[in-house]
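Here is model_39.txt, consisting of compact mmCIF, C-alpha atoms:
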# COMPACT_ATOMS: atom_id res chain seq x y z
CA MET K 1 -46.13 -4.87 19.60
CA ASN K 2 -48.97 -6.13 17.41
CA LYS K 3 -50.50 -9.41 18.49
CA PRO K 4 -51.33 -12.00 15.82
CA SER K 5 -55.00 -12.22 14.98
CA SER K 6 -56.90 -14.99 16.72
CA ALA K 7 -59.77 -14.93 14.22
CA MET K 8 -60.57 -18.23 12.54
CA LEU K 9 -61.39 -16.46 9.28
CA ASP K 10 -60.01 -13.41 7.49
CA ILE K 11 -61.64 -11.80 4.45
CA LYS K 12 -59.51 -10.42 1.62
CA PHE K 13 -60.77 -8.87 -1.59
CA ALA K 14 -59.04 -9.71 -4.86
CA ARG K 15 -59.85 -9.28 -8.53
CA ILE K 16 -60.21 -12.60 -10.31
CA LYS K 17 -59.21 -13.40 -13.87
CA ALA K 18 -62.22 -13.84 -16.11
CA VAL K 19 -62.98 -14.17 -19.79
CA THR K 20 -64.70 -11.04 -21.11
CA PHE K 21 -67.38 -11.24 -23.79
CA ALA K 22 -67.47 -7.76 -25.38
CA LEU K 23 -70.71 -7.51 -27.35
CA ARG K 24 -71.47 -5.18 -30.26
CA PRO K 25 -74.85 -3.41 -30.45
CA ALA K 26 -77.35 -5.68 -32.24
CA PRO K 27 -80.89 -7.01 -31.83
CA GLN K 28 -80.95 -9.25 -28.78
CA LYS K 29 -81.77 -12.40 -30.77
CA GLU K 30 -78.73 -11.89 -33.02
CA SER K 31 -76.52 -10.98 -30.06
CA LEU K 32 -77.52 -14.11 -28.16
CA GLU K 33 -76.94 -16.26 -31.24
CA ALA K 34 -73.44 -14.80 -31.69
CA LEU K 35 -72.65 -15.51 -28.04
CA LYS K 36 -73.98 -19.07 -28.37
CA LYS K 37 -71.74 -19.72 -31.38
CA ARG K 38 -68.72 -18.27 -29.60
CA LEU K 39 -69.27 -20.53 -26.60
CA GLY K 40 -68.75 -23.49 -28.92
CA PRO K 41 -69.60 -27.14 -28.43
CA THR K 42 -70.53 -28.61 -25.07
CA PRO K 43 -68.41 -29.01 -23.03
CA GLY K 44 -67.01 -25.83 -24.48
CA VAL K 45 -63.82 -23.84 -24.33
CA TYR K 46 -65.19 -21.59 -21.57
CA SER K 47 -67.00 -24.13 -19.38
CA ALA K 48 -66.31 -23.69 -15.64
CA GLU K 49 -64.72 -20.28 -16.36
CA PRO K 50 -65.75 -17.02 -14.63
CA ALA K 51 -67.05 -14.54 -17.20
CA VAL K 52 -67.75 -10.84 -17.70
CA LEU K 53 -70.36 -9.41 -20.09
CA ASP K 54 -69.21 -6.06 -21.47
CA PHE K 55 -71.88 -3.79 -22.99
CA GLY K 56 -69.50 -0.81 -23.00
CA SER K 57 -69.96 -0.17 -26.73
CA TRP K 58 -73.77 0.00 -26.39
CA PRO K 59 -75.27 3.50 -26.06
CA GLU K 60 -78.25 3.78 -23.73
CA ASN K 61 -80.64 4.21 -26.66
CA GLU K 62 -79.37 0.98 -28.28
CA LEU K 63 -79.96 -0.98 -25.08
CA THR K 64 -83.50 0.42 -24.92
CA GLU K 65 -84.18 -0.07 -28.63
CA HIS K 66 -83.10 -3.72 -28.57
CA ALA K 67 -84.83 -4.35 -25.21
CA VAL K 68 -81.75 -6.04 -23.77
CA GLU K 69 -82.68 -8.50 -21.04
CA LEU K 70 -79.59 -9.43 -19.05
CA LYS K 71 -81.31 -12.54 -17.69
CA ALA K 72 -81.35 -14.12 -21.18
CA TYR K 73 -77.55 -13.74 -21.46
CA ALA K 74 -77.03 -15.10 -17.96
CA GLN K 75 -79.18 -18.16 -18.70
CA LEU K 76 -77.29 -18.86 -21.93
CA LEU K 77 -73.94 -18.71 -20.14
CA GLU K 78 -75.22 -20.88 -17.30
CA ALA K 79 -76.44 -23.52 -19.77
CA ALA K 80 -72.90 -23.62 -21.22
CA GLY K 81 -71.39 -24.07 -17.76
CA VAL K 82 -69.93 -20.54 -17.68
CA HIS K 83 -70.13 -18.57 -14.42
CA LEU K 84 -71.21 -14.97 -15.05
CA VAL K 85 -69.69 -12.84 -12.28
CA GLU K 86 -69.75 -9.27 -13.59
CA VAL K 87 -71.53 -6.96 -16.06
CA ARG K 88 -70.01 -3.80 -17.52
CA GLY K 89 -71.75 -0.95 -19.27
CA ASN K 90 -72.91 2.65 -19.07
CA SER K 91 -76.59 2.12 -18.37
CA ASP K 92 -78.62 2.62 -15.20
CA ASN K 93 -81.17 0.08 -16.45
CA LEU K 94 -78.43 -2.50 -17.01
CA GLU K 95 -77.11 -1.86 -13.51
CA VAL K 96 -80.58 -2.44 -12.03
CA GLN K 97 -80.87 -5.74 -13.96
CA ALA K 98 -77.42 -6.85 -12.79
CA GLU K 99 -78.26 -6.13 -9.16
CA ALA K 100 -81.52 -8.08 -9.50
CA LEU K 101 -79.50 -11.09 -10.66
CA GLY K 102 -76.97 -10.69 -7.87
CA LEU K 103 -74.16 -9.75 -10.27
CA ARG K 104 -71.43 -7.19 -9.81
CA PHE K 105 -71.83 -4.13 -12.08
CA GLU K 106 -69.01 -1.87 -13.23
CA ASN K 107 -69.17 1.26 -15.38
CA SER K 108 -67.22 0.94 -18.62
CA THR K 109 -64.60 3.58 -19.29
CA THR K 110 -63.62 2.29 -22.72
CA SER K 111 -65.40 0.50 -25.50
CA VAL K 112 -63.91 -2.84 -26.47
CA GLU K 113 -64.39 -4.24 -29.94
CA PRO K 114 -64.66 -8.06 -29.89
CA GLU K 115 -62.55 -10.07 -32.29
CA GLU K 116 -64.01 -11.49 -35.47
CA THR K 117 -64.47 -15.23 -35.18
CA ALA K 118 -65.36 -17.91 -37.66
CA PRO K 119 -68.80 -19.53 -37.34
CA LEU K 120 -68.95 -22.95 -35.74
CA ALA K 121 -69.14 -25.84 -38.16
CA GLU K 122 -69.38 -29.34 -36.71
CA THR K 123 -68.20 -32.49 -38.45
CA SER K 124 -68.18 -36.01 -37.06
CA ILE K 125 -65.96 -38.71 -38.55
CA ASP K 126 -67.36 -42.23 -38.59
CA ASP K 127 -66.19 -45.52 -40.08
CA LYS K 128 -68.08 -44.98 -43.34
CA SER K 129 -66.96 -41.42 -43.94
CA LYS K 130 -63.29 -40.65 -43.36
CA ALA K 131 -61.66 -37.24 -43.56
CA ALA K 132 -60.20 -36.74 -47.01
CA VAL K 133 -56.76 -35.19 -47.33
CA ASP K 134 -56.24 -32.99 -50.36
CA LYS K 135 -52.81 -32.39 -51.83
CA LEU K 136 -51.72 -28.80 -51.47
CA PRO K 137 -51.39 -26.98 -54.82
CA GLU K 138 -48.07 -25.63 -55.96
CA THR K 139 -47.41 -22.09 -54.75
CA ASP K 140 -47.89 -19.28 -57.26
CA ASN K 141 -46.24 -16.07 -56.06
CA SER K 142 -47.46 -13.85 -58.90
CA PRO K 143 -49.23 -10.57 -57.94
CA ASP K 144 -52.51 -11.72 -59.48
CA GLN K 145 -52.42 -14.98 -57.55
CA ALA K 146 -51.51 -13.16 -54.33
CA GLU K 147 -54.60 -10.96 -54.69
CA ALA K 148 -56.73 -14.02 -55.40
CA ASN K 149 -55.39 -15.78 -52.31
CA GLN K 150 -56.06 -12.73 -50.17
CA ALA K 151 -59.66 -12.62 -51.34
CA GLU K 152 -60.09 -16.38 -50.90
CA HIS K 153 -58.78 -16.69 -47.34
CA PRO K 154 -60.46 -15.02 -44.35
CA HIS K 155 -58.66 -12.27 -42.49
CA VAL K 156 -56.18 -13.49 -39.88
CA PRO K 157 -56.23 -11.41 -36.67
CA GLU K 158 -53.06 -9.46 -35.93
CA PHE K 159 -51.50 -9.72 -32.50
CA ASP K 160 -50.23 -6.68 -30.62
CA SER K 161 -46.77 -8.24 -30.37
CA ALA K 162 -44.86 -11.16 -31.79
CA ARG K 163 -46.67 -14.34 -30.91
CA ARG K 164 -45.22 -16.00 -27.85
CA THR K 165 -44.95 -19.71 -27.09
CA LEU K 166 -46.16 -21.35 -23.90
CA VAL K 167 -44.33 -24.61 -23.17
CA ILE K 168 -45.84 -27.18 -20.78
CA ASP K 169 -43.16 -29.74 -19.89
CA GLN K 170 -45.39 -32.18 -18.05
CA PRO K 171 -48.52 -34.22 -18.86
CA VAL K 172 -51.90 -32.49 -18.86
CA ARG K 173 -54.19 -34.61 -16.70
CA SER K 174 -57.92 -35.25 -16.97
CA GLY K 175 -59.93 -32.21 -15.86
CA GLN K 176 -57.07 -29.77 -16.46
CA LYS K 177 -57.40 -26.91 -18.94
CA ILE K 178 -54.41 -25.04 -20.40
CA TYR K 179 -54.99 -21.82 -22.39
CA ALA K 180 -52.17 -20.04 -24.23
CA GLN K 181 -53.63 -16.55 -24.76
CA GLY K 182 -52.08 -14.76 -27.73
CA ALA K 183 -49.54 -17.55 -28.03
CA ASP K 184 -48.70 -20.95 -29.46
CA LEU K 185 -48.86 -23.90 -27.08
CA ILE K 186 -46.38 -26.77 -26.88
CA VAL K 187 -47.10 -29.73 -24.60
CA MET K 188 -44.10 -31.98 -23.98
CA GLY K 189 -46.13 -34.96 -22.86
CA GLN K 190 -49.51 -36.64 -22.88
CA VAL K 191 -52.87 -34.84 -22.93
CA SER K 192 -55.19 -37.22 -21.09
CA ALA K 193 -58.83 -37.91 -21.93
CA GLY K 194 -60.95 -35.22 -20.29
CA ALA K 195 -58.15 -32.63 -20.49
CA GLU K 196 -58.25 -29.55 -22.73
CA VAL K 197 -55.44 -27.61 -24.39
CA ILE K 198 -56.32 -24.29 -26.06
CA ALA K 199 -54.25 -21.67 -27.87
CA ASP K 200 -54.89 -18.51 -29.86
CA GLY K 201 -52.10 -19.81 -32.10
CA ASN K 202 -50.94 -23.33 -32.92
CA VAL K 203 -51.12 -26.37 -30.63
CA HIS K 204 -48.28 -28.91 -30.59
CA VAL K 205 -48.62 -32.09 -28.52
CA TYR K 206 -45.43 -34.14 -28.42
CA GLY K 207 -47.08 -37.14 -26.83
CA VAL K 208 -50.42 -38.94 -26.94
CA LEU K 209 -53.33 -36.56 -27.53
CA ARG K 210 -56.40 -38.18 -25.96
CA GLY K 211 -58.23 -35.07 -24.76
CA ARG K 212 -59.46 -31.97 -26.60
CA ALA K 213 -57.21 -29.61 -28.56
CA LEU K 214 -58.40 -26.21 -29.82
CA ALA K 215 -56.18 -23.94 -31.93
CA GLY K 216 -56.91 -20.46 -33.30
CA ALA K 217 -59.23 -19.74 -30.37
CA ALA K 218 -59.15 -16.00 -31.18
CA GLY K 219 -60.17 -16.61 -34.79
CA ASP K 220 -56.86 -17.43 -36.53
CA THR K 221 -58.00 -19.69 -39.37
CA GLN K 222 -54.39 -20.47 -40.33
CA ALA K 223 -53.64 -22.11 -36.98
CA ARG K 224 -52.60 -25.77 -36.85
CA ILE K 225 -52.72 -28.69 -34.44
CA ILE K 226 -49.90 -31.22 -34.50
CA SER K 227 -49.87 -34.43 -32.48
CA THR K 228 -47.22 -37.15 -32.52
CA CYS K 229 -49.81 -39.74 -31.42
CA PHE K 230 -53.36 -38.81 -32.39
CA GLU K 231 -56.24 -40.25 -30.31
CA ALA K 232 -58.20 -37.04 -29.60
CA GLU K 233 -61.75 -36.65 -28.32
CA LEU K 234 -62.19 -33.37 -30.20
CA VAL K 235 -60.07 -30.99 -32.27
CA ALA K 236 -60.98 -27.48 -33.39
CA VAL K 237 -59.47 -24.62 -35.38
CA ALA K 238 -61.07 -21.16 -35.20
CA GLY K 239 -64.41 -22.62 -34.12
CA TYR K 240 -64.59 -25.42 -36.72
CA TYR K 241 -64.35 -28.77 -35.00
CA LEU K 242 -64.26 -32.54 -35.45
CA THR K 243 -65.45 -35.27 -33.10
CA PHE K 244 -64.58 -38.94 -33.31
CA GLU K 245 -67.41 -40.95 -31.78
CA GLY K 246 -67.33 -43.35 -34.75
CA GLY K 247 -63.59 -43.92 -34.65
CA PHE K 248 -60.50 -42.59 -36.39
CA PRO K 249 -59.26 -42.94 -39.96
CA GLU K 250 -56.67 -45.74 -39.95
CA GLU K 251 -54.03 -43.45 -41.45
CA ASN K 252 -54.31 -41.20 -38.38
CA ARG K 253 -55.10 -43.50 -35.47
CA SER K 254 -52.23 -43.34 -32.91
CA LYS K 255 -49.99 -41.75 -35.56
CA PRO K 256 -48.40 -38.32 -36.12
CA THR K 257 -51.15 -36.09 -37.50
CA LEU K 258 -51.59 -32.51 -38.69
CA ILE K 259 -55.01 -30.84 -38.34
CA HIS K 260 -55.69 -27.77 -40.46
CA LEU K 261 -58.62 -25.81 -41.87
CA ASP K 262 -59.27 -26.34 -45.58
CA HIS K 263 -60.58 -23.15 -47.25
CA GLY K 264 -61.10 -24.87 -50.60
CA THR K 265 -64.62 -25.94 -49.67
CA GLU K 266 -67.76 -24.01 -48.75
CA PRO K 267 -68.15 -24.04 -45.83
CA ALA K 268 -64.55 -24.65 -44.76
CA VAL K 269 -63.82 -27.99 -43.10
CA LEU K 270 -61.07 -29.48 -40.97
CA ARG K 271 -58.67 -31.96 -42.55
CA LEU K 272 -56.53 -34.63 -40.93
CA LYS K 273 -53.18 -35.24 -42.60
CA ALA K 274 -50.80 -38.04 -41.69
CA ILE K 275 -47.26 -36.71 -41.31
CA ASN K 276 -43.91 -38.48 -41.36
CA ILE K 277 -41.63 -37.23 -38.58
CA ARG K 278 -39.00 -39.95 -38.87
What do you get writing this file as structure tokens?
Amino acid sequence: MNKPSSAMLDIKFARIKAVTFALRPAPQKESLEALKKRLGPTPGVYSAEPAVLDFGSWPENELTEHAVELKAYAQLLEAAGVHLVEVRGNSDNLEVQAEALGLRFENSTTSVEPEETAPLAETSIDDKSKAAVDKLPETDNSPDQAEANQAEHPHVPEFDSARRTLVIDQPVRSGQKIYAQGADLIVMGQVSAGAEVIADGNVHVYGVLRGRALAGAAGDTQARIISTCFEAELVAVAGYYLTFEGGFPEENRSKPTLIHLDHGTEPAVLRLKAINIR
């Protein structure tokens, strides 16, 4: 008969879930800039998250040619509040650098292509400059117009399967972060100040939205945010975001609001649109 262990501490090994940043071969300055843009505003989407840097698509000669210094990537992630826990690649030099930084290293067996994402574009709404809402043009379904629309709008990433929906049927409290990966997100309650709701698809908040809401996190520029009571700290679609330090437009304050990306300007901007749900 086995006796129960009397040890005060047991050690178990488990693989943790982490966000993976799969980088394409590029000069280090450009690569770091792309990573900085993807991290987003501070506090960002990935703050307080464990992270993996994947150099699996970089041949050894590319790593040498671009003089990749792993420490620079680690410092950038640390500054954004992201905890780098692992490095992947097929390079002895990269492995040596990872060990010097006290990071786990794993050989890559496959090359992962990162998703295309829109560049970050910040806008702040104050009392003197309110977000304009343009009327949508009438739809023209002619072949010529369809081709024009396709050229005008950025590519929307395709999902491997039909987009799912994650439903949260309770309030999201301050400090909580909900991420609907490859899915739409519906919150049936309040999103408190200091909370964060993120989705690769659309975000619906059927309650007061006081925290941060980020839709199209994987680059879907057609994603939408809908709130039945809009009082957000920050909203973002595909990396384009709005902050509200100066206050809200009166037509949107504490009212049902739709947030969408307007492609009719260069660069694209977010629009707030009052909606009538009665």
Q. Which residue gives the smallest distance to K:Gln28 among K:His83, K:Leu261, K:Leu166, K:Trp58, with all atoms listed in the file counted?
A. K:Trp58
Q: May I have the residues within 6 Å of K:Pro256 as a list in words, using all atoms listed in the file and disregarding those fewer than 5 positions away in the same chain?
A: Ser227, Thr228, Cys229 and Ile275 of chain K
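With all atoms listed in the file as the basis for measurement, K:Gly239 is the residue among K:Gly201, K:Pro249, K:Gly239, K:Gly56 that approaches K:Ala268 most closely.
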Q) Could you name the residues that touch K:Gln97 at 8 Å or less, counting all atoms listed in the file, but leaving out those on the same chain fewer than 6 positions away, as a count of residues only? A) 3
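Interatomic distance, atom CA of K:Phe55 against atom CA of K:Gly89: 4.7 Å.
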Q) Given the choices K:Leu32, K:Leu103, K:Ala274, K:Val237, which gets closest to K:Arg253 if the distance is worked out from only C-alpha atoms? A) K:Ala274
